[in-house]
$ cat structure37.cif   # mmCIF, C-alpha atoms
data_target
loop_
_atom_site.label_atom_id
_atom_site.label_comp_id
_atom_site.auth_asym_id
_atom_site.auth_seq_id
_atom_site.Cartn_x
_atom_site.Cartn_y
_atom_site.Cartn_z
CA MET A 1 -23.40 -20.11 -70.98
CA PRO A 2 -19.94 -18.86 -69.93
CA ARG A 3 -17.02 -21.30 -69.82
CA THR A 4 -15.74 -22.12 -66.33
CA ILE A 5 -12.05 -21.69 -65.54
CA LEU A 6 -10.49 -22.99 -62.33
CA ILE A 7 -7.50 -20.96 -61.09
CA VAL A 8 -5.22 -22.84 -58.67
CA ASP A 9 -2.42 -20.83 -57.06
CA ASP A 10 -1.27 -20.29 -53.48
CA GLU A 11 -0.69 -16.57 -54.10
CA GLU A 12 -3.94 -14.83 -53.24
CA ALA A 13 -3.10 -11.80 -55.39
CA VAL A 14 -2.53 -13.98 -58.48
CA VAL A 15 -5.85 -15.76 -57.97
CA ASP A 16 -7.76 -12.55 -57.31
CA ILE A 17 -6.38 -10.54 -60.23
CA THR A 18 -6.66 -13.45 -62.68
CA ARG A 19 -10.20 -14.23 -61.57
CA ARG A 20 -11.33 -10.61 -61.92
CA LYS A 21 -9.80 -10.24 -65.38
CA LEU A 22 -11.31 -13.50 -66.61
CA VAL A 23 -14.75 -12.46 -65.34
CA GLN A 24 -14.34 -9.17 -67.25
CA GLU A 25 -13.68 -11.28 -70.37
CA GLY A 26 -16.94 -13.16 -69.87
CA TYR A 27 -15.68 -16.34 -68.18
CA LEU A 28 -16.92 -17.84 -64.95
CA ALA A 29 -13.74 -18.03 -62.85
CA ILE A 30 -13.25 -19.98 -59.64
CA GLY A 31 -10.15 -19.44 -57.51
CA VAL A 32 -8.64 -21.90 -55.04
CA PHE A 33 -5.29 -21.95 -53.24
CA ASP A 34 -3.95 -25.53 -53.43
CA GLY A 35 -4.40 -28.86 -55.15
CA GLU A 36 -6.70 -30.29 -52.49
CA GLU A 37 -9.17 -27.43 -52.95
CA ALA A 38 -8.88 -27.85 -56.71
CA LEU A 39 -9.87 -31.53 -56.51
CA LEU A 40 -12.94 -30.57 -54.48
CA ALA A 41 -13.85 -27.90 -57.05
CA LEU A 42 -13.64 -30.49 -59.85
CA GLN A 43 -16.04 -32.73 -57.97
CA GLU A 44 -18.52 -29.92 -57.30
CA GLY A 45 -19.21 -28.86 -60.85
CA PRO A 46 -18.12 -28.74 -64.43
CA VAL A 47 -14.82 -27.03 -65.24
CA ASP A 48 -13.73 -26.28 -68.80
CA LEU A 49 -10.10 -25.30 -68.19
CA ILE A 50 -7.58 -25.25 -65.31
CA ILE A 51 -4.83 -22.68 -64.69
CA LEU A 52 -2.43 -24.44 -62.32
CA ASP A 53 0.57 -23.31 -60.27
CA VAL A 54 3.34 -25.82 -59.55
CA GLU A 55 4.59 -24.94 -56.07
CA MET A 56 1.76 -24.88 -53.51
CA PRO A 57 1.29 -26.08 -49.92
CA LYS A 58 -0.67 -29.23 -49.05
CA MET A 59 -0.76 -30.54 -52.64
CA ASN A 60 1.45 -29.18 -55.40
CA GLY A 61 0.60 -29.03 -59.10
CA TYR A 62 2.31 -32.32 -60.01
CA VAL A 63 0.44 -34.30 -57.37
CA PHE A 64 -2.79 -32.61 -58.44
CA LEU A 65 -2.23 -33.70 -62.05
CA ASN A 66 -1.99 -37.33 -60.91
CA GLU A 67 -4.86 -37.13 -58.42
CA ARG A 68 -7.29 -35.58 -60.91
CA LYS A 69 -7.09 -38.81 -62.94
CA LYS A 70 -9.22 -40.39 -60.20
CA ILE A 71 -12.14 -38.06 -61.03
CA ALA A 72 -14.22 -39.17 -64.00
CA GLY A 73 -13.63 -36.88 -66.99
CA ALA A 74 -11.18 -34.58 -65.17
CA GLU A 75 -8.16 -35.80 -67.12
CA GLN A 76 -9.75 -34.42 -70.31
CA ILE A 77 -9.87 -30.85 -68.94
CA PRO A 78 -7.09 -28.76 -70.53
CA VAL A 79 -4.47 -27.43 -68.12
CA ILE A 80 -2.34 -24.31 -68.45
CA MET A 81 0.58 -24.60 -66.04
CA LEU A 82 1.61 -21.30 -64.45
CA THR A 83 5.16 -21.43 -63.12
CA ALA A 84 8.41 -19.64 -62.51
CA PHE A 85 10.28 -22.61 -64.01
CA ASP A 86 10.53 -22.03 -67.77
CA SER A 87 12.74 -25.07 -68.39
CA MET A 88 10.08 -27.54 -67.26
CA GLU A 89 7.96 -27.73 -70.43
CA PRO A 90 8.89 -31.35 -71.34
CA ILE A 91 7.93 -32.53 -67.86
CA PHE A 92 4.66 -30.60 -68.02
CA ARG A 93 3.78 -32.08 -71.41
CA ARG A 94 4.45 -35.64 -70.19
CA ASN A 95 2.03 -35.00 -67.34
CA GLY A 96 -0.84 -33.95 -69.59
CA VAL A 97 -0.39 -30.18 -69.51
CA ALA A 98 -1.71 -28.52 -72.68
CA GLU A 99 0.10 -25.17 -72.29
CA TYR A 100 2.32 -23.38 -69.85
CA LEU A 101 3.15 -19.80 -68.94
CA THR A 102 5.95 -18.40 -66.85
CA LYS A 103 5.47 -15.86 -64.10
CA PRO A 104 5.01 -12.96 -64.04
CA LEU A 105 1.71 -13.59 -65.75
CA ARG A 106 1.10 -11.74 -69.01
CA PHE A 107 -2.66 -11.60 -69.22
CA GLN A 108 -2.97 -11.16 -73.00
CA GLU A 109 -0.82 -14.25 -73.53
CA LEU A 110 -3.02 -16.14 -71.08
CA LEU A 111 -6.16 -15.10 -72.97
CA THR A 112 -4.64 -16.27 -76.25
CA LYS A 113 -3.81 -19.68 -74.78
CA ILE A 114 -7.27 -20.00 -73.21
CA ALA A 115 -8.95 -19.20 -76.54
CA GLY A 116 -6.71 -21.69 -78.33
CA LEU A 117 -7.74 -24.45 -75.95
CA LEU A 118 -11.44 -23.64 -75.57
CA GLU A 119 -12.39 -22.70 -79.15
CA PRO A 120 -11.84 -26.25 -80.50
CA LEU A 121 -14.05 -27.52 -77.67
CA ASP A 122 -16.76 -24.99 -78.60
CA VAL A 123 -16.81 -26.36 -82.16
CA LYS A 124 -17.50 -29.87 -80.80
CA ARG A 125 -20.48 -28.68 -78.73
#

$ encode --input "structure37.cif" --output "structure tokens"
Amino acid sequence: MPRTILIVDDEEAVVDITRRKLVQEGYLAIGVFDGEEALLALQEGPVDLIILDVEMPKMNGYVFLNERKKIAGAEQIPVIMLTAFDSMEPIFRRNGVAEYLTKPLRFQELLTKIAGLLEPLDVKR
């Protein structure tokens, strides 16, 4: 069964391109455009990994990180923060972010980080 990745970004092009490339790699990819939609997606079904933008309308990435703690098991889902702010790594780590990437997105680097986070989970299955 393919692993499910939730892509959360307010830029439609980023969500669309990332989703299509992840599907080509054999993942099930779900795209949403803000933190509120992401919380709903977490409640609707299992998610194995989250790719999260910081700056979004309605609910930004930081608020989402805190709100997901209210959903049973959601805090254990690895998060890759996608941002234009490369100096923010310490803040991301304190908020439970496993990895981060700066924009523009380099897809091969994203795939490497995804594999690094999901492969240890596959061994536990």

$ closest_residue --input "structure37.cif" --among "A:Tyr100, A:Ile71, A:Arg94, A:Pro57" --to "Glu44 in chain A" --atoms "all atoms listed in the file"
A:Ile71

$ atom_distance --input "structure37.cif" --atom1 "CA of Val63 in chain A" --atom2 "CA of Ala29 in chain A"
22.3 Å

$ closest_atom_pairs --input "structure37.cif" --of "range 40-91 of chain A" --to "range 17-24 of chain A" --cutoff "12 Å" --atoms "all atoms listed in the file" --output "Markdown table"
| residue | atom | partner | partner_atom | distance |
| --- | --- | --- | --- | --- |
| A:Leu49 | CA | A:Leu22 | CA | 12.0 |
| A:Ile50 | CA | A:Arg19 | CA | 11.9 |
| A:Ile51 | CA | A:Thr18 | CA | 9.6 |
| A:Leu52 | CA | A:Thr18 | CA | 11.8 |
| A:Leu82 | CA | A:Thr18 | CA | 11.5 |

$ residues_near_point --input "structure37.cif" --point "(-8.4, -30.3, -69.7)" --cutoff "12 Å" --atoms "all atoms listed in the file" --output "PyMOL selection string"
chain A and resi 4-6+42+46-52+65+68-69+73-81+95-99+114+117-118+121

$ closest_residue --input "structure37.cif" --among "A:Phe64, A:Lys113, A:Met59, A:Ala72" --to "Gly45 in chain A" --atoms "all atoms listed in the file"
A:Ala72

$ residues_around --input "structure37.cif" --residues "range 32-37 of chain A" --least-positions-apart "5" --cutoff "7 Å" --atoms "all atoms listed in the file" --output "VMD selection string"
chain A and resid 7 to 10 56 to 61 64

$ closest_residue --input "structure37.cif" --among "A:Arg93, A:Glu55, A:Leu39, A:Gly31" --to "Val14 in chain A" --atoms "all atoms listed in the file"
A:Gly31

$ atom_distance --input "structure37.cif" --atom1 "CA of Leu40 in chain A" --atom2 "CA of Ile91 in chain A"
24.9 Å

$ closest_residue --input "structure37.cif" --among "A:Ala84, A:Ala115, A:Leu28, A:Ala38" --to "Leu101 in chain A" --atoms "only C-alpha atoms"
A:Ala84

$ atom_distance --input "structure37.cif" --atom1 "CA of Thr83 in chain A" --atom2 "CA of Lys70 in chain A"
24.0 Å

$ closest_residue --input "structure37.cif" --among "A:Glu89, A:Ala41, A:Ala13, A:Glu25" --to "Leu105 in chain A" --atoms "all atoms listed in the file"
A:Ala13

$ closest_residue --input "structure37.cif" --among "A:Asp53, A:Glu67, A:Glu119, A:Asp16" --to "Thr102 in chain A" --atoms "only C-alpha atoms"
A:Asp53

$ decode --input "structure37.cif" --residues "range 23-55 of chain A" --atoms "N, CA and C atoms" --output "PDB file, in the first residue's frame"
ATOM      1  N   VAL A  23       3.200  11.355  -6.811  1.00  0.00           N
ATOM      2  CA  VAL A  23       2.394  10.260  -7.373  1.00  0.00           C
ATOM      3  C   VAL A  23       3.241   9.461  -8.366  1.00  0.00           C
ATOM      4  N   GLN A  24       4.025  10.144  -9.183  1.00  0.00           N
ATOM      5  CA  GLN A  24       4.913   9.445 -10.123  1.00  0.00           C
ATOM      6  C   GLN A  24       5.918   8.557  -9.398  1.00  0.00           C
ATOM      7  N   GLU A  25       6.284   8.935  -8.177  1.00  0.00           N
ATOM      8  CA  GLU A  25       7.225   8.150  -7.371  1.00  0.00           C
ATOM      9  C   GLU A  25       6.543   7.035  -6.587  1.00  0.00           C
ATOM     10  N   GLY A  26       5.226   6.919  -6.719  1.00  0.00           N
ATOM     11  CA  GLY A  26       4.508   5.831  -6.084  1.00  0.00           C
ATOM     12  C   GLY A  26       3.832   6.166  -4.765  1.00  0.00           C
ATOM     13  N   TYR A  27       3.817   7.438  -4.392  1.00  0.00           N
ATOM     14  CA  TYR A  27       3.145   7.862  -3.163  1.00  0.00           C
ATOM     15  C   TYR A  27       1.702   8.252  -3.467  1.00  0.00           C
ATOM     16  N   LEU A  28       0.864   8.183  -2.458  1.00  0.00           N
ATOM     17  CA  LEU A  28      -0.465   8.774  -2.521  1.00  0.00           C
ATOM     18  C   LEU A  28      -0.289  10.176  -1.951  1.00  0.00           C
ATOM     19  N   ALA A  29      -0.565  11.199  -2.740  1.00  0.00           N
ATOM     20  CA  ALA A  29      -0.332  12.582  -2.324  1.00  0.00           C
ATOM     21  C   ALA A  29      -1.637  13.356  -2.295  1.00  0.00           C
ATOM     22  N   ILE A  30      -1.842  14.068  -1.192  1.00  0.00           N
ATOM     23  CA  ILE A  30      -3.033  14.883  -1.001  1.00  0.00           C
ATOM     24  C   ILE A  30      -2.564  16.329  -0.865  1.00  0.00           C
ATOM     25  N   GLY A  31      -3.170  17.233  -1.605  1.00  0.00           N
ATOM     26  CA  GLY A  31      -2.795  18.638  -1.531  1.00  0.00           C
ATOM     27  C   GLY A  31      -3.899  19.490  -0.950  1.00  0.00           C
ATOM     28  N   VAL A  32      -3.527  20.353   0.005  1.00  0.00           N
ATOM     29  CA  VAL A  32      -4.451  21.332   0.578  1.00  0.00           C
ATOM     30  C   VAL A  32      -3.729  22.678   0.649  1.00  0.00           C
ATOM     31  N   PHE A  33      -4.493  23.759   0.890  1.00  0.00           N
ATOM     32  CA  PHE A  33      -3.957  25.100   0.722  1.00  0.00           C
ATOM     33  C   PHE A  33      -3.817  25.929   1.991  1.00  0.00           C
ATOM     34  N   ASP A  34      -4.149  25.390   3.150  1.00  0.00           N
ATOM     35  CA  ASP A  34      -3.901  26.091   4.412  1.00  0.00           C
ATOM     36  C   ASP A  34      -3.999  25.112   5.573  1.00  0.00           C
ATOM     37  N   GLY A  35      -3.638  25.601   6.750  1.00  0.00           N
ATOM     38  CA  GLY A  35      -3.615  24.746   7.931  1.00  0.00           C
ATOM     39  C   GLY A  35      -4.960  24.185   8.327  1.00  0.00           C
ATOM     40  N   GLU A  36      -6.029  24.962   8.122  1.00  0.00           N
ATOM     41  CA  GLU A  36      -7.360  24.465   8.469  1.00  0.00           C
ATOM     42  C   GLU A  36      -7.718  23.243   7.626  1.00  0.00           C
ATOM     43  N   GLU A  37      -7.461  23.320   6.325  1.00  0.00           N
ATOM     44  CA  GLU A  37      -7.727  22.180   5.449  1.00  0.00           C
ATOM     45  C   GLU A  37      -6.846  20.995   5.831  1.00  0.00           C
ATOM     46  N   ALA A  38      -5.630  21.268   6.252  1.00  0.00           N
ATOM     47  CA  ALA A  38      -4.718  20.193   6.645  1.00  0.00           C
ATOM     48  C   ALA A  38      -5.232  19.459   7.877  1.00  0.00           C
ATOM     49  N   LEU A  39      -5.765  20.191   8.845  1.00  0.00           N
ATOM     50  CA  LEU A  39      -6.329  19.542  10.039  1.00  0.00           C
ATOM     51  C   LEU A  39      -7.484  18.631   9.659  1.00  0.00           C
ATOM     52  N   LEU A  40      -8.333  19.091   8.749  1.00  0.00           N
ATOM     53  CA  LEU A  40      -9.448  18.253   8.286  1.00  0.00           C
ATOM     54  C   LEU A  40      -8.925  16.996   7.595  1.00  0.00           C
ATOM     55  N   ALA A  41      -7.888  17.137   6.783  1.00  0.00           N
ATOM     56  CA  ALA A  41      -7.313  15.981   6.087  1.00  0.00           C
ATOM     57  C   ALA A  41      -6.756  14.964   7.084  1.00  0.00           C
ATOM     58  N   LEU A  42      -6.151  15.442   8.170  1.00  0.00           N
ATOM     59  CA  LEU A  42      -5.622  14.523   9.181  1.00  0.00           C
ATOM     60  C   LEU A  42      -6.737  13.743   9.863  1.00  0.00           C
ATOM     61  N   GLN A  43      -7.879  14.366  10.014  1.00  0.00           N
ATOM     62  CA  GLN A  43      -9.010  13.708  10.659  1.00  0.00           C
ATOM     63  C   GLN A  43      -9.714  12.726   9.736  1.00  0.00           C
ATOM     64  N   GLU A  44      -9.577  12.922   8.425  1.00  0.00           N
ATOM     65  CA  GLU A  44     -10.282  12.082   7.454  1.00  0.00           C
ATOM     66  C   GLU A  44      -9.595  10.754   7.178  1.00  0.00           C
ATOM     67  N   GLY A  45      -8.300  10.680   7.360  1.00  0.00           N
ATOM     68  CA  GLY A  45      -7.642   9.426   7.045  1.00  0.00           C
ATOM     69  C   GLY A  45      -6.181   9.437   7.434  1.00  0.00           C
ATOM     70  N   PRO A  46      -5.575   8.276   7.351  1.00  0.00           N
ATOM     71  CA  PRO A  46      -4.184   8.189   7.787  1.00  0.00           C
ATOM     72  C   PRO A  46      -3.241   8.951   6.853  1.00  0.00           C
ATOM     73  N   VAL A  47      -2.291   9.643   7.457  1.00  0.00           N
ATOM     74  CA  VAL A  47      -1.247  10.373   6.741  1.00  0.00           C
ATOM     75  C   VAL A  47       0.089   9.921   7.307  1.00  0.00           C
ATOM     76  N   ASP A  48       1.045   9.631   6.423  1.00  0.00           N
ATOM     77  CA  ASP A  48       2.352   9.143   6.867  1.00  0.00           C
ATOM     78  C   ASP A  48       3.402  10.237   6.998  1.00  0.00           C
ATOM     79  N   LEU A  49       3.211  11.355   6.276  1.00  0.00           N
ATOM     80  CA  LEU A  49       4.188  12.433   6.292  1.00  0.00           C
ATOM     81  C   LEU A  49       3.501  13.711   5.833  1.00  0.00           C
ATOM     82  N   ILE A  50       3.955  14.862   6.369  1.00  0.00           N
ATOM     83  CA  ILE A  50       3.387  16.163   6.010  1.00  0.00           C
ATOM     84  C   ILE A  50       4.499  17.052   5.459  1.00  0.00           C
ATOM     85  N   ILE A  51       4.228  17.679   4.316  1.00  0.00           N
ATOM     86  CA  ILE A  51       5.096  18.730   3.775  1.00  0.00           C
ATOM     87  C   ILE A  51       4.344  20.027   4.021  1.00  0.00           C
ATOM     88  N   LEU A  52       4.930  20.937   4.801  1.00  0.00           N
ATOM     89  CA  LEU A  52       4.193  22.082   5.338  1.00  0.00           C
ATOM     90  C   LEU A  52       4.877  23.408   5.028  1.00  0.00           C
ATOM     91  N   ASP A  53       4.116  24.326   4.445  1.00  0.00           N
ATOM     92  CA  ASP A  53       4.578  25.702   4.241  1.00  0.00           C
ATOM     93  C   ASP A  53       4.389  26.477   5.547  1.00  0.00           C
ATOM     94  N   VAL A  54       5.132  27.560   5.709  1.00  0.00           N
ATOM     95  CA  VAL A  54       5.001  28.378   6.910  1.00  0.00           C
ATOM     96  C   VAL A  54       3.922  29.439   6.727  1.00  0.00           C
ATOM     97  N   GLU A  55       4.093  30.294   5.740  1.00  0.00           N
ATOM     98  CA  GLU A  55       3.199  31.435   5.538  1.00  0.00           C
ATOM     99  C   GLU A  55       2.009  31.041   4.669  1.00  0.00           C
TER     100      GLU A  55
END
